[in-house]
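Asker: One file is attached below, upload09.txt, containing compact mmCIF, C-alpha atoms.
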# COMPACT_ATOMS: atom_id res chain seq x y z
CA MET I 38 -5.31 -26.18 -15.84
CA SER I 39 -7.82 -24.96 -18.36
CA HIS I 40 -7.63 -21.28 -17.52
CA ARG I 41 -4.63 -18.98 -17.03
CA ARG I 42 -4.24 -17.79 -13.46
CA PRO I 43 -5.87 -14.35 -13.23
CA LYS I 44 -4.19 -11.53 -11.29
CA SER I 45 -6.11 -10.13 -8.34
CA PRO I 46 -6.94 -6.44 -8.79
CA ASN I 47 -4.66 -3.83 -7.20
CA MET I 48 -5.34 -0.17 -7.98
CA GLN I 49 -8.88 -0.99 -9.16
CA ASN I 50 -9.88 -2.40 -5.77
CA TYR I 51 -7.58 -0.87 -3.15
CA ARG I 52 -8.93 1.89 -0.93
CA PRO I 53 -7.56 5.39 -1.54
CA GLN I 54 -5.82 6.39 1.70
CA LEU I 55 -4.06 9.58 2.75
CA THR I 56 -0.77 7.67 2.39
CA SER I 57 -1.23 6.65 -1.24
CA VAL I 58 -3.25 9.68 -2.39
CA LEU I 59 -0.62 12.16 -1.16
CA SER I 60 2.12 10.07 -2.77
CA PHE I 61 0.30 10.05 -6.11
CA GLY I 62 -0.25 13.78 -5.60
CA HIS I 63 3.48 14.30 -5.10
CA ARG I 64 4.25 12.58 -8.38
CA LEU I 65 1.41 14.42 -10.15
CA SER I 66 2.46 17.84 -8.82
CA GLY I 67 6.03 17.10 -9.94
CA VAL I 68 4.77 16.42 -13.46
CA ALA I 69 2.63 19.59 -13.32
CA LEU I 70 5.68 21.64 -12.28
CA SER I 71 7.72 20.23 -15.18
CA LEU I 72 4.96 21.29 -17.57
CA GLY I 73 4.76 24.63 -15.77
CA ALA I 74 8.49 25.11 -16.39
CA PHE I 75 7.83 24.84 -20.14
CA GLY I 76 5.10 27.45 -19.71
CA LEU I 77 7.49 29.73 -17.84
CA ALA I 78 10.10 29.33 -20.59
CA GLY I 79 7.45 30.12 -23.23
CA TRP I 80 6.42 33.23 -21.31
CA LEU I 81 10.04 34.46 -21.06
CA MET I 82 10.61 33.77 -24.76
CA ALA I 83 7.46 35.72 -25.63
CA GLY I 84 8.75 38.60 -23.51
CA ALA I 85 12.12 38.50 -25.27
CA SER I 86 10.61 38.54 -28.76
CA GLY I 87 8.73 41.80 -28.48
CA GLN I 88 5.69 43.66 -27.29
CA ASP I 89 3.12 41.89 -29.48
CA ALA I 90 4.16 38.38 -28.48
CA PHE I 91 4.34 39.39 -24.81
CA GLY I 92 0.89 40.94 -25.07
CA SER I 93 -0.59 37.72 -26.45
CA ALA I 94 1.12 35.69 -23.74
CA GLN I 95 -0.22 38.01 -21.04
CA ALA I 96 -3.73 37.84 -22.51
CA LEU I 97 -3.54 34.04 -22.50
CA LEU I 98 -2.23 33.90 -18.91
CA LEU I 99 -4.75 36.40 -17.57
CA SER I 100 -7.75 34.72 -19.21
CA VAL I 101 -9.91 32.58 -16.92
CA PRO I 102 -8.44 29.22 -18.07
CA GLY I 103 -4.97 30.80 -17.85
CA ARG I 104 -5.56 31.91 -14.28
CA ILE I 105 -6.91 28.48 -13.33
CA ALA I 106 -3.81 26.86 -14.82
CA LEU I 107 -1.57 29.35 -12.99
CA PHE I 108 -3.38 28.68 -9.71
CA LEU I 109 -2.95 24.92 -10.16
CA VAL I 110 0.76 25.39 -10.84
CA THR I 111 1.20 27.48 -7.67
CA LEU I 112 -0.77 24.88 -5.70
CA ALA I 113 1.45 22.15 -7.18
CA LEU I 114 4.53 24.19 -6.25
CA PHE I 115 3.52 24.63 -2.60
CA TYR I 116 2.26 21.07 -2.29
CA HIS I 117 5.47 19.65 -3.75
CA LEU I 118 7.53 21.93 -1.50
CA CYS I 119 5.66 21.07 1.73
CA ASN I 120 5.50 17.35 0.98
CA GLY I 121 9.19 17.50 0.05
CA VAL I 122 9.93 18.73 3.57
CA ARG I 123 7.84 15.82 4.91
CA HIS I 124 10.01 13.45 2.87
CA LEU I 125 13.19 15.07 4.27
CA VAL I 126 11.93 14.39 7.79
CA TRP I 127 11.32 10.74 6.86
CA ASP I 128 14.77 10.51 5.29
CA SER I 129 16.19 11.39 8.70
CA GLY I 130 14.37 8.30 10.04
CA ARG I 131 11.76 10.28 12.00
CA GLY I 132 7.99 10.66 11.78
CA PHE I 133 7.05 7.07 10.97
CA GLU I 134 4.43 6.59 13.69
CA LEU I 135 1.00 6.30 12.05
CA ARG I 136 -0.21 9.36 13.95
CA ALA I 137 2.75 11.38 12.64
CA ILE I 138 2.20 10.11 9.09
CA TYR I 139 -1.43 11.23 9.13
CA ALA I 140 -0.93 14.47 11.08
CA GLY I 141 1.96 15.42 8.77
CA GLY I 142 -0.09 14.54 5.70
CA TRP I 143 -3.03 16.72 6.68
CA THR I 144 -0.65 19.52 7.67
CA VAL I 145 0.89 19.43 4.19
CA VAL I 146 -2.57 19.52 2.56
CA GLY I 147 -3.68 22.46 4.71
CA THR I 148 -0.41 24.41 4.46
CA SER I 149 -0.13 24.12 0.68
CA LEU I 150 -3.76 25.24 0.24
CA ILE I 151 -3.28 28.20 2.59
CA LEU I 152 -0.02 29.26 0.91
CA ALA I 153 -1.53 29.08 -2.59
CA LEU I 154 -4.64 31.00 -1.55
CA ALA I 155 -2.55 33.56 0.34
CA LEU I 156 -0.34 34.12 -2.69
CA TRP I 157 -3.37 34.74 -4.88
CA THR I 158 -5.05 36.95 -2.32
CA TRP I 159 -2.12 39.22 -1.48
CA TRP I 160 0.18 39.09 -4.53
CA PRO I 161 0.22 42.61 -5.99
CA ALA I 162 -1.36 41.88 -9.35
CA MET K 70 -9.04 11.60 9.83
CA ILE K 71 -6.01 10.90 11.99
CA VAL K 72 -5.08 7.24 12.25
CA ASP K 73 -3.26 6.08 15.37
CA ARG K 74 -3.08 2.32 14.92
CA SER K 75 -3.17 0.11 11.86
CA ASP K 76 -6.15 -1.85 13.25
CA GLU K 77 -8.41 1.18 12.95
CA VAL K 78 -11.00 0.52 10.26
CA PRO K 79 -11.22 3.37 7.72
CA ARG K 80 -14.06 5.67 8.78
CA LEU K 81 -14.72 7.44 5.51
CA LYS K 82 -17.48 5.67 3.59
CA TRP K 83 -16.35 7.37 0.39
CA PRO K 84 -14.29 6.90 -1.71
CA ARG K 85 -14.07 3.15 -1.17
CA ARG K 86 -11.83 2.75 -4.18
CA PHE K 87 -10.04 4.91 -6.70
CA PRO K 88 -12.44 6.42 -9.25
CA VAL K 89 -11.27 4.19 -12.08
CA PRO K 90 -13.23 1.51 -13.98
CA ARG K 91 -13.08 -1.89 -12.25
CA ASN K 92 -11.36 -3.47 -15.23
CA LEU K 93 -9.05 -0.56 -16.13
CA GLY K 94 -5.87 -1.95 -17.63
CA VAL K 95 -6.82 -5.47 -16.52
CA ALA K 96 -5.84 -8.36 -18.81
CA VAL K 97 -8.81 -10.16 -20.34
CA HIS K 98 -8.30 -13.33 -18.29
CA SER K 99 -8.27 -11.29 -15.05
CA ARG K 100 -11.49 -9.35 -15.63
CA ILE K 101 -14.14 -9.98 -13.01
CA ALA K 102 -17.67 -10.93 -14.08
CA GLU K 103 -20.83 -10.84 -11.98
CA GLY K 104 -21.27 -14.21 -10.29
CA LYS K 105 -23.90 -16.09 -8.40
CA SER K 106 -26.09 -14.55 -5.72
CA TRP K 107 -27.17 -16.84 -2.89
CA PRO K 108 -30.39 -16.08 -0.99
CA ALA K 109 -30.43 -15.24 2.71
CA PRO K 110 -30.71 -18.34 4.90
CA GLU K 111 -34.28 -19.03 6.00
CA GLY K 112 -35.28 -17.60 9.35
CA ALA K 113 -32.18 -15.42 9.63
CA THR K 114 -32.80 -12.01 11.17
CA ARG K 115 -29.32 -10.48 11.35
CA ILE K 116 -27.76 -10.79 7.92
CA ALA K 117 -24.42 -9.61 6.54
CA THR K 118 -23.79 -9.56 2.80
CA LEU K 119 -20.38 -10.60 1.51
CA ARG K 120 -19.28 -10.06 -2.09
CA ILE K 121 -16.51 -12.59 -2.60
CA TYR K 122 -14.03 -12.95 -5.44
CA ARG K 123 -14.21 -16.44 -6.94
CA PHE K 124 -11.98 -18.18 -9.42
CA ASP K 125 -12.19 -21.82 -10.36
CA PRO K 126 -8.98 -23.07 -12.03
CA ASP K 127 -10.79 -26.16 -13.35
CA GLY K 128 -13.61 -24.24 -15.02
CA MET K 129 -13.52 -22.45 -18.33
CA ALA K 130 -14.58 -19.05 -17.02
CA GLY K 131 -12.54 -16.22 -15.54
CA PRO K 132 -12.96 -14.69 -12.09
CA ARG K 133 -16.40 -13.66 -10.82
CA LEU K 134 -17.91 -11.90 -7.84
CA ASP K 135 -20.36 -14.02 -5.85
CA THR K 136 -22.80 -12.65 -3.28
CA PHE K 137 -23.31 -14.54 -0.01
CA ARG K 138 -25.64 -13.72 2.85
CA VAL K 139 -24.47 -14.79 6.29
CA ASP K 140 -26.69 -15.43 9.31
CA LEU K 141 -24.79 -13.51 11.99
CA ASP K 142 -26.69 -15.29 14.79
CA ASP K 143 -25.44 -18.64 13.55
CA CYS K 144 -21.74 -17.85 13.12
CA GLY K 145 -18.75 -16.49 15.02
CA PRO K 146 -17.81 -12.84 15.26
CA MET K 147 -14.90 -12.63 12.81
CA LEU K 148 -14.74 -12.62 9.02
CA LEU K 149 -12.89 -15.95 9.07
CA ASP K 150 -15.82 -17.45 11.03
CA ALA K 151 -18.20 -16.19 8.34
CA LEU K 152 -16.06 -17.68 5.55
CA ILE K 153 -16.01 -21.03 7.34
CA TRP K 154 -19.78 -20.73 7.89
CA ILE K 155 -20.30 -20.16 4.15
CA LYS K 156 -18.07 -23.11 3.31
CA SER K 157 -19.96 -25.47 5.61
CA ARG K 158 -23.51 -24.18 5.03
CA ILE K 159 -23.76 -22.67 1.54
CA ASP K 160 -20.93 -23.42 -0.87
CA THR K 161 -18.38 -26.08 0.01
CA THR K 162 -16.19 -25.08 -2.93
CA LEU K 163 -15.29 -21.68 -1.41
CA THR K 164 -11.52 -21.85 -0.96
CA PHE K 165 -9.30 -19.87 1.39
CA ARG K 166 -6.19 -20.38 3.52
CA HIS K 167 -6.46 -20.35 7.28
CA SER K 168 -4.76 -21.89 10.26
CA CYS K 169 -4.26 -20.21 13.63
CA ARG K 170 -7.46 -18.09 13.71
CA GLU K 171 -5.72 -15.58 16.00
CA GLY K 172 -3.55 -13.43 13.79
CA VAL K 173 -0.18 -15.11 14.28
CA CYS K 174 0.12 -17.29 11.17
CA GLY K 175 -0.79 -14.83 8.43
CA SER K 176 -2.48 -17.46 6.25
CA CYS K 177 -5.85 -15.75 5.91
CA ALA K 178 -4.53 -12.38 4.72
CA MET K 179 -6.84 -10.94 2.08
CA THR K 180 -8.09 -7.63 0.71
CA ILE K 181 -11.08 -6.77 2.88
CA ASP K 182 -13.13 -3.73 1.88
CA GLY K 183 -10.13 -2.48 -0.07
CA THR K 184 -7.39 -2.86 2.53
CA ASN K 185 -5.29 -5.85 3.44
CA TRP K 186 -5.83 -7.59 6.75
CA THR K 187 -6.10 -11.08 8.22
CA ALA K 188 -9.68 -12.40 8.07
CA CYS K 189 -9.40 -13.92 11.55
CA THR K 190 -8.74 -10.55 13.20
CA ARG K 191 -11.32 -8.48 11.31
CA ALA K 192 -14.72 -8.38 13.05
CA MET K 193 -17.84 -8.81 10.95
CA ALA K 194 -19.21 -5.74 12.73
CA ASP K 195 -16.43 -3.64 11.19
CA LEU K 196 -17.21 -4.60 7.59
CA ALA K 197 -18.97 -2.39 5.06
CA GLN K 198 -22.30 -3.57 3.65
CA PRO K 199 -21.96 -5.27 1.29
CA ALA K 200 -18.42 -6.24 2.29
CA MET K 201 -15.92 -6.73 -0.54
CA ILE K 202 -13.67 -9.76 -0.05
CA PHE K 203 -10.79 -10.23 -2.52
CA PRO K 204 -7.62 -12.29 -2.51
CA LEU K 205 -4.49 -10.30 -1.58
CA ALA K 206 -4.05 -7.59 -4.20
CA ASN K 207 -1.79 -7.88 -7.23
CA LEU K 208 -1.02 -11.60 -7.05
CA PRO K 209 -1.77 -14.53 -9.38
CA VAL K 210 -4.82 -16.35 -8.05
CA ILE K 211 -4.68 -20.13 -7.63
CA LYS K 212 -8.30 -20.47 -6.55
CA ASP K 213 -10.86 -18.09 -4.97
CA LEU K 214 -9.07 -16.32 -2.08
CA VAL K 215 -5.83 -18.29 -2.39
CA PRO K 216 -3.09 -16.27 -4.11
CA ASP K 217 0.20 -17.63 -5.42
CA GLN K 218 2.91 -16.13 -3.18
CA SER K 219 5.89 -17.97 -4.64
CA HIS K 220 7.35 -14.77 -6.13
CA LEU K 221 7.09 -13.04 -2.74
CA PHE K 222 8.83 -15.93 -0.99
CA ALA K 223 11.51 -16.01 -3.69
CA GLN K 224 12.14 -12.31 -2.97
CA TYR K 225 12.28 -13.11 0.76
CA GLU K 226 14.86 -15.82 0.06
CA MET K 227 16.97 -13.26 -1.83
CA ILE K 228 17.79 -11.34 1.35
CA GLU K 229 19.14 -14.55 2.92
CA PRO K 230 17.04 -14.47 6.09
CA TRP K 231 19.45 -16.40 8.29
CA LEU K 232 22.39 -15.49 10.50
CA HIS K 233 25.61 -14.74 8.59
CA ALA K 234 28.63 -15.39 10.78
CA GLU K 235 32.36 -15.63 10.00
CA THR K 236 33.52 -16.15 13.56
CA PRO K 237 33.58 -19.78 14.74
CA ALA K 238 30.46 -20.91 16.57
CA PRO K 239 30.83 -20.47 20.34
CA GLU K 240 30.45 -23.31 22.84
CA ARG K 241 26.90 -22.21 23.55
CA GLU K 242 24.62 -19.64 21.89
CA ARG K 243 25.77 -16.30 20.41
CA LEU K 244 25.04 -13.83 23.19
CA GLN K 245 23.17 -10.56 22.95
CA SER K 246 22.65 -7.85 25.57
CA PRO K 247 19.04 -6.95 26.39
CA ARG K 248 19.64 -3.65 24.57
CA GLU K 249 20.94 -5.40 21.44
CA ARG K 250 17.95 -7.71 21.57
CA ALA K 251 15.59 -4.74 21.87
CA ALA K 252 16.86 -3.46 18.51
CA LEU K 253 14.88 -6.29 16.90
CA ASP K 254 11.59 -5.29 18.55
CA GLY K 255 9.04 -4.26 15.98
CA TYR K 256 10.80 -6.29 13.31
CA TYR K 257 11.06 -9.90 14.48
CA GLU K 258 7.27 -10.08 14.95
CA CYS K 259 6.60 -10.08 11.20
CA ILE K 260 4.49 -13.12 10.22
CA LEU K 261 5.06 -12.83 6.45
CA CYS K 262 1.38 -12.45 5.63
CA PHE K 263 2.46 -10.01 2.86
CA CYS K 264 -0.43 -7.62 3.54
CA CYS K 265 2.07 -4.74 3.22
CA THR K 266 3.76 -5.88 0.02
CA SER K 267 0.39 -6.60 -1.59
CA GLY K 268 -0.84 -3.12 -0.60
CA CYS K 269 2.24 -1.25 -1.88
CA PRO K 270 1.62 0.69 -5.14
CA SER K 271 5.35 0.65 -5.87
CA HIS K 272 5.31 -3.13 -5.69
CA TRP K 273 2.24 -3.19 -7.97
CA TRP K 274 4.15 -1.39 -10.72
CA ASN K 275 7.66 -2.76 -10.12
CA GLY K 276 7.10 -5.95 -8.14
CA ASP K 277 9.32 -7.96 -10.46
CA ARG K 278 12.42 -6.10 -9.24
CA PHE K 279 11.40 -4.09 -6.15
CA LEU K 280 11.60 -6.34 -3.09
CA GLY K 281 8.58 -4.84 -1.32
CA PRO K 282 8.03 -3.82 2.32
CA ALA K 283 7.72 -7.27 3.90
CA THR K 284 11.03 -8.50 2.52
CA LEU K 285 12.79 -5.19 3.22
CA LEU K 286 11.54 -5.23 6.82
CA GLN K 287 13.06 -8.71 7.13
CA ALA K 288 16.27 -7.39 5.55
CA TRP K 289 16.44 -4.74 8.26
CA ARG K 290 15.69 -7.38 10.93
CA TRP K 291 18.99 -9.06 9.97
CA LEU K 292 20.91 -5.80 9.50
CA ALA K 293 19.81 -4.75 13.00
CA ASP K 294 20.90 -8.04 14.59
CA SER K 295 24.05 -7.56 16.68
CA ARG K 296 25.05 -11.22 16.08
CA ASP K 297 24.99 -10.91 12.30
CA GLU K 298 28.36 -10.35 10.60
CA GLY K 299 27.13 -9.98 7.03
CA ARG K 300 26.12 -6.32 7.11
CA GLY K 301 28.37 -5.23 4.22
CA GLU K 302 27.25 -7.96 1.84
CA ARG K 303 23.62 -7.48 2.86
CA LEU K 304 23.81 -3.77 2.03
CA ASP K 305 25.67 -4.53 -1.23
CA ALA K 306 22.80 -6.82 -2.28
CA LEU K 307 20.25 -4.07 -1.60
CA GLU K 308 22.23 -1.21 -3.22
CA ASP K 309 20.18 -1.24 -6.39
CA PRO K 310 17.84 1.26 -8.08
CA PHE K 311 14.97 -1.21 -7.86
CA ARG K 312 15.42 -3.67 -4.98
CA LEU K 313 15.47 -0.98 -2.28
CA TYR K 314 15.07 2.43 -3.86
CA ARG K 315 11.72 1.83 -5.55
CA CYS K 316 10.34 2.52 -2.08
CA HIS K 317 8.95 6.05 -2.36
CA THR K 318 7.76 6.19 1.26
CA ILE K 319 4.10 5.86 0.30
CA LEU K 320 3.53 4.08 3.63
CA ASN K 321 0.49 2.00 2.68
CA CYS K 322 2.58 -0.75 4.30
CA THR K 323 2.59 0.79 7.77
CA ARG K 324 -1.13 1.60 7.48
CA THR K 325 -2.09 -2.00 6.69
CA CYS K 326 0.17 -4.20 8.87
CA PRO K 327 -2.09 -6.53 10.90
CA ARG K 328 0.71 -6.84 13.46
CA GLY K 329 1.06 -3.08 13.85
CA LEU K 330 4.67 -3.15 12.62
CA ASN K 331 6.36 -0.39 10.65
CA PRO K 332 7.94 -1.53 7.36
CA GLY K 333 8.24 2.14 6.35
CA ARG K 334 10.57 2.85 9.24
CA ALA K 335 12.58 -0.33 8.61
CA ILE K 336 13.20 0.75 5.00
CA ALA K 337 14.21 4.26 6.16
CA GLU K 338 16.74 2.64 8.53
CA ILE K 339 18.23 0.66 5.64
CA LYS K 340 18.50 3.82 3.52
CA LYS K 341 20.23 5.58 6.44
CA LYS K 342 22.75 2.75 6.74
CA MET K 343 23.44 3.08 2.99
CA ILE K 344 24.27 6.78 3.47
CA GLU K 345 26.30 6.20 6.64
CA ARG K 346 28.63 3.72 5.01
CA GLN K 347 29.38 6.18 2.20
CA GLY K 348 31.02 8.22 4.97
Take the structure in the file and write it out as structure tokens.
Answerer:
Amino acid sequence: MSHRRPKSPNMQNYRPQLTSVLSFGHRLSGVALSLGAFGLAGWLMAGASGQDAFGSAQALLLSVPGRIALFLVTLALFYHLCNGVRHLVWDSGRGFELRAIYAGGWTVVGTSLILALALWTWWPA
Amino acid sequence: MIVDRSDEVPRLKWPRRFPVPRNLGVAVHSRIAEGKSWPAPEGATRIATLRIYRFDPDGMAGPRLDTFRVDLDDCGPMLLDALIWIKSRIDTTLTFRHSCREGVCGSCAMTIDGTNWTACTRAMADLAQPAMIFPLANLPVIKDLVPDQSHLFAQYEMIEPWLHAETPAPERERLQSPRERAALDGYYECILCFCCTSGCPSHWWNGDRFLGPATLLQAWRWLADSRDEGRGERLDALEDPFRLYRCHTILNCTRTCPRGLNPGRAIAEIKKKMIERQG
């Protein structure tokens, strides 16, 4: 053999499907929430260290990039929560029919979007 | 948007693959170059274009993507027919496995337009244009569309896919009630084409230690068998952070099974048994 056996492509060639995309999303939102937890800790520490620090933190959070980041964290929170419930249903051995997998997936997408938007619409700012 | 059966062809034209460069993270010897493009056969009116992954183990070059044009009026209706047509009319070196041509042997499993399926049960009419034909994902390639599955079969052997019995063999066969037999429905039909394992992202990243959906479905087939007496040892062998628990219920497996089986559910049943025996 004059050439090493190549490996056929996986991620680079496989079709993104609701199944895999939502799973990657679950992992990604989990990472986002971990980072968000650092942000939350930083915000609390700023609040504990006095008015000036808290003021700067508030200014940062309420800036446009800050609000976008906050929105993404709330979206990650609701998505991770809803998809977590979907995983609990699977852990009970139910919901494995393809129709249920897809219907549940789209429900999670819709519900997490609605919850995040509702929070930002009605939260007394 | 809602998928009812695994044989439904994806309807969304976009995205056909993840928005990453084709050779992202791919070792140099696995990178795919542009290959040869064959002209349409003379006089053909209905033409389908197939982009096919080629690799010649005797040549010096790495894998390439060749373009073939098939005369649909001169060949059968399925992708396997088109591959055979190409082999006999255009390029005799095109290499692929096939046997039963009716979806019960699993030999011709390949990645077709980005999902795994058997070429003999995928109609040409259901392919994208141009259609993308690759060997089963994430496997070493022996030649063209023929992947090396020895690792997958070694994993299958690990779950000891035969009856474990302590009790002495009876005069005649070990009996099962119709209800006990029905517990194997949806599991015994697996043809080991490995479409599911090859389509499982968890197996892509951890395939050296994670057993993958096909093997785990087979594991459940033996755990669910009323005649089998090795349940404890079978569960012991699977109680491992990688062998079983690298399954994160992505469910690409259930979406892609050409037999319409449900490896995802089989794995959930194994996990339930693990919990049950902890009491």
Asker: Taking a cut-off of 9 Å and counting only C-alpha atoms, can you build a table that, for each residue of chain I near chain K, reports the nearest atom pair and how far apart they are in Å (one decimal), sorted by chain then residue number, as CSV?
Answerer:
residue,atom,partner,partner_atom,distance
I:Met38,CA,K:Asp127,CA,6.0
I:Ser39,CA,K:Asp127,CA,5.9
I:His40,CA,K:Pro126,CA,5.9
I:Arg41,CA,K:His98,CA,6.9
I:Arg42,CA,K:Val210,CA,5.6
I:Pro43,CA,K:Ser99,CA,4.3
I:Lys44,CA,K:Pro209,CA,4.3
I:Ser45,CA,K:Asn207,CA,5.0
I:Pro46,CA,K:Ala206,CA,5.5
I:Asn47,CA,K:Ala206,CA,4.8
I:Met48,CA,K:Phe87,CA,7.0
I:Gln49,CA,K:Arg91,CA,5.3
I:Asn50,CA,K:Gly183,CA,5.7
I:Tyr51,CA,K:Gly183,CA,4.3
I:Arg52,CA,K:Arg86,CA,4.4
I:Pro53,CA,K:Arg86,CA,5.7
I:Gln54,CA,K:Asn321,CA,7.7
I:Leu55,CA,K:Asn321,CA,8.8
I:Thr56,CA,K:Ile319,CA,5.6
I:Ser57,CA,K:Ile319,CA,5.6
I:Val58,CA,K:Ile319,CA,8.7
I:Leu59,CA,K:Ile319,CA,8.0
I:Ser60,CA,K:Ile319,CA,5.6
I:Phe61,CA,K:Ile319,CA,8.5
I:His124,CA,K:Thr318,CA,7.8
I:Trp127,CA,K:Ala337,CA,7.1
I:Asp128,CA,K:Ala337,CA,6.3
I:Ser129,CA,K:Lys341,CA,7.4
I:Gly130,CA,K:Ala337,CA,5.6
I:Arg131,CA,K:Arg334,CA,8.0
I:Gly132,CA,K:Arg334,CA,8.6
I:Phe133,CA,K:Arg334,CA,5.8
I:Glu134,CA,K:Asn331,CA,7.9
I:Leu135,CA,K:Asp73,CA,5.4
I:Arg136,CA,K:Asp73,CA,4.7
I:Ala137,CA,K:Asp73,CA,8.5
I:Ile138,CA,K:Leu320,CA,8.2
I:Tyr139,CA,K:Ile71,CA,5.4
I:Ala140,CA,K:Ile71,CA,6.3
I:Trp143,CA,K:Ile71,CA,8.4
Asker: What is the distance, in Å and to one decimal place, between atom CA of K:Leu149 and atom CA of K:Leu119?
Answerer: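 So the two atoms, atom CA of K:Leu149 and atom CA of K:Leu119, lie 11.9 Å apart.
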Asker: What is the distance, in Å and to one decimal place, between atom CA of K:Thr118 and atom CA of K:Ala197?
Answerer: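 Calculated distance between atom CA of K:Thr118 and atom CA of K:Ala197 is 8.9 Å.
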Asker: Using only C-alpha atoms, which protein or nucleic acid residues come within 12 Å of I:Ala83? Drop anything in the same chain fewer than 4 positions from it, and give the result as an MDAnalysis selection string.
Answerer: chainID I and resid 76:79 87:98
Asker: Would you kindly return, as an MDAnalysis selection string, each protein, DNA or RNA residue with an atom no farther than 7 Å from any atom of stretch 138-148 of chain K, considering only C-alpha atoms and excluding same-chain residues fewer than 2 positions away?
Answerer: chainID K and resid 107:110 113 115:119 136 150:152 154 188:193
Asker: What is the distance, in Å and to one decimal place, between atom CA of I:Ile105 and atom CA of I:Thr158?
Answerer: 14.0 Å
Asker: Around the point (30.8, -0.4, -1.1) (coordinates from the file), which residues reach within 12 Å if we count all atoms listed in the file? Answer as a PyMOL selection string.
Answerer: chain K and resi 300-309+342-348
Asker: Go ahead and write the selection's residues with C-alpha atoms as a PDB file, in the coordinates of the input.
Answerer:
ATOM      1  CA  ARG K 300      26.120  -6.320   7.110  1.00  0.00           C
ATOM      2  CA  GLY K 301      28.370  -5.230   4.220  1.00  0.00           C
ATOM      3  CA  GLU K 302      27.250  -7.960   1.840  1.00  0.00           C
ATOM      4  CA  ARG K 303      23.620  -7.480   2.860  1.00  0.00           C
ATOM      5  CA  LEU K 304      23.810  -3.770   2.030  1.00  0.00           C
ATOM      6  CA  ASP K 305      25.670  -4.530  -1.230  1.00  0.00           C
ATOM      7  CA  ALA K 306      22.800  -6.820  -2.280  1.00  0.00           C
ATOM      8  CA  LEU K 307      20.250  -4.070  -1.600  1.00  0.00           C
ATOM      9  CA  GLU K 308      22.230  -1.210  -3.220  1.00  0.00           C
ATOM     10  CA  ASP K 309      20.180  -1.240  -6.390  1.00  0.00           C
ATOM     11  CA  LYS K 342      22.750   2.750   6.740  1.00  0.00           C
ATOM     12  CA  MET K 343      23.440   3.080   2.990  1.00  0.00           C
ATOM     13  CA  ILE K 344      24.270   6.780   3.470  1.00  0.00           C
ATOM     14  CA  GLU K 345      26.300   6.200   6.640  1.00  0.00           C
ATOM     15  CA  ARG K 346      28.630   3.720   5.010  1.00  0.00           C
ATOM     16  CA  GLN K 347      29.380   6.180   2.200  1.00  0.00           C
ATOM     17  CA  GLY K 348      31.020   8.220   4.970  1.00  0.00           C
TER      18      GLY K 348
END
Asker: Give me the residues near I:Leu70 as a PDB file with C-alpha atoms, keeping the file's coordinate frame, where near means some atom within 12 Å (using all atoms listed in the file) and where sequence neighbours in that chain fewer than 5 positions away do not count.
Answerer:
ATOM      1  CA  GLY I  62      -0.250  13.780  -5.600  1.00  0.00           C
ATOM      2  CA  HIS I  63       3.480  14.300  -5.100  1.00  0.00           C
ATOM      3  CA  ARG I  64       4.250  12.580  -8.380  1.00  0.00           C
ATOM      4  CA  LEU I  65       1.410  14.420 -10.150  1.00  0.00           C
ATOM      5  CA  PHE I  75       7.830  24.840 -20.140  1.00  0.00           C
ATOM      6  CA  GLY I  76       5.100  27.450 -19.710  1.00  0.00           C
ATOM      7  CA  LEU I  77       7.490  29.730 -17.840  1.00  0.00           C
ATOM      8  CA  ALA I 106      -3.810  26.860 -14.820  1.00  0.00           C
ATOM      9  CA  LEU I 107      -1.570  29.350 -12.990  1.00  0.00           C
ATOM     10  CA  PHE I 108      -3.380  28.680  -9.710  1.00  0.00           C
ATOM     11  CA  LEU I 109      -2.950  24.920 -10.160  1.00  0.00           C
ATOM     12  CA  VAL I 110       0.760  25.390 -10.840  1.00  0.00           C
ATOM     13  CA  THR I 111       1.200  27.480  -7.670  1.00  0.00           C
ATOM     14  CA  LEU I 112      -0.770  24.880  -5.700  1.00  0.00           C
ATOM     15  CA  ALA I 113       1.450  22.150  -7.180  1.00  0.00           C
ATOM     16  CA  LEU I 114       4.530  24.190  -6.250  1.00  0.00           C
ATOM     17  CA  PHE I 115       3.520  24.630  -2.600  1.00  0.00           C
ATOM     18  CA  TYR I 116       2.260  21.070  -2.290  1.00  0.00           C
ATOM     19  CA  HIS I 117       5.470  19.650  -3.750  1.00  0.00           C
ATOM     20  CA  LEU I 118       7.530  21.930  -1.500  1.00  0.00           C
TER      21      LEU I 118
END
Asker: Neighbouring residues of K:Ser246 were defined as those with any atom within 12 Å, considering only C-alpha atoms; residues of the same chain fewer than 4 positions away were excluded. Please report them as a list in words.
Answerer: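 Residues meeting the cut-off are Arg250, Ala251, Ala252, Leu253, Asp294, Ser295 and Arg296 of chain K.
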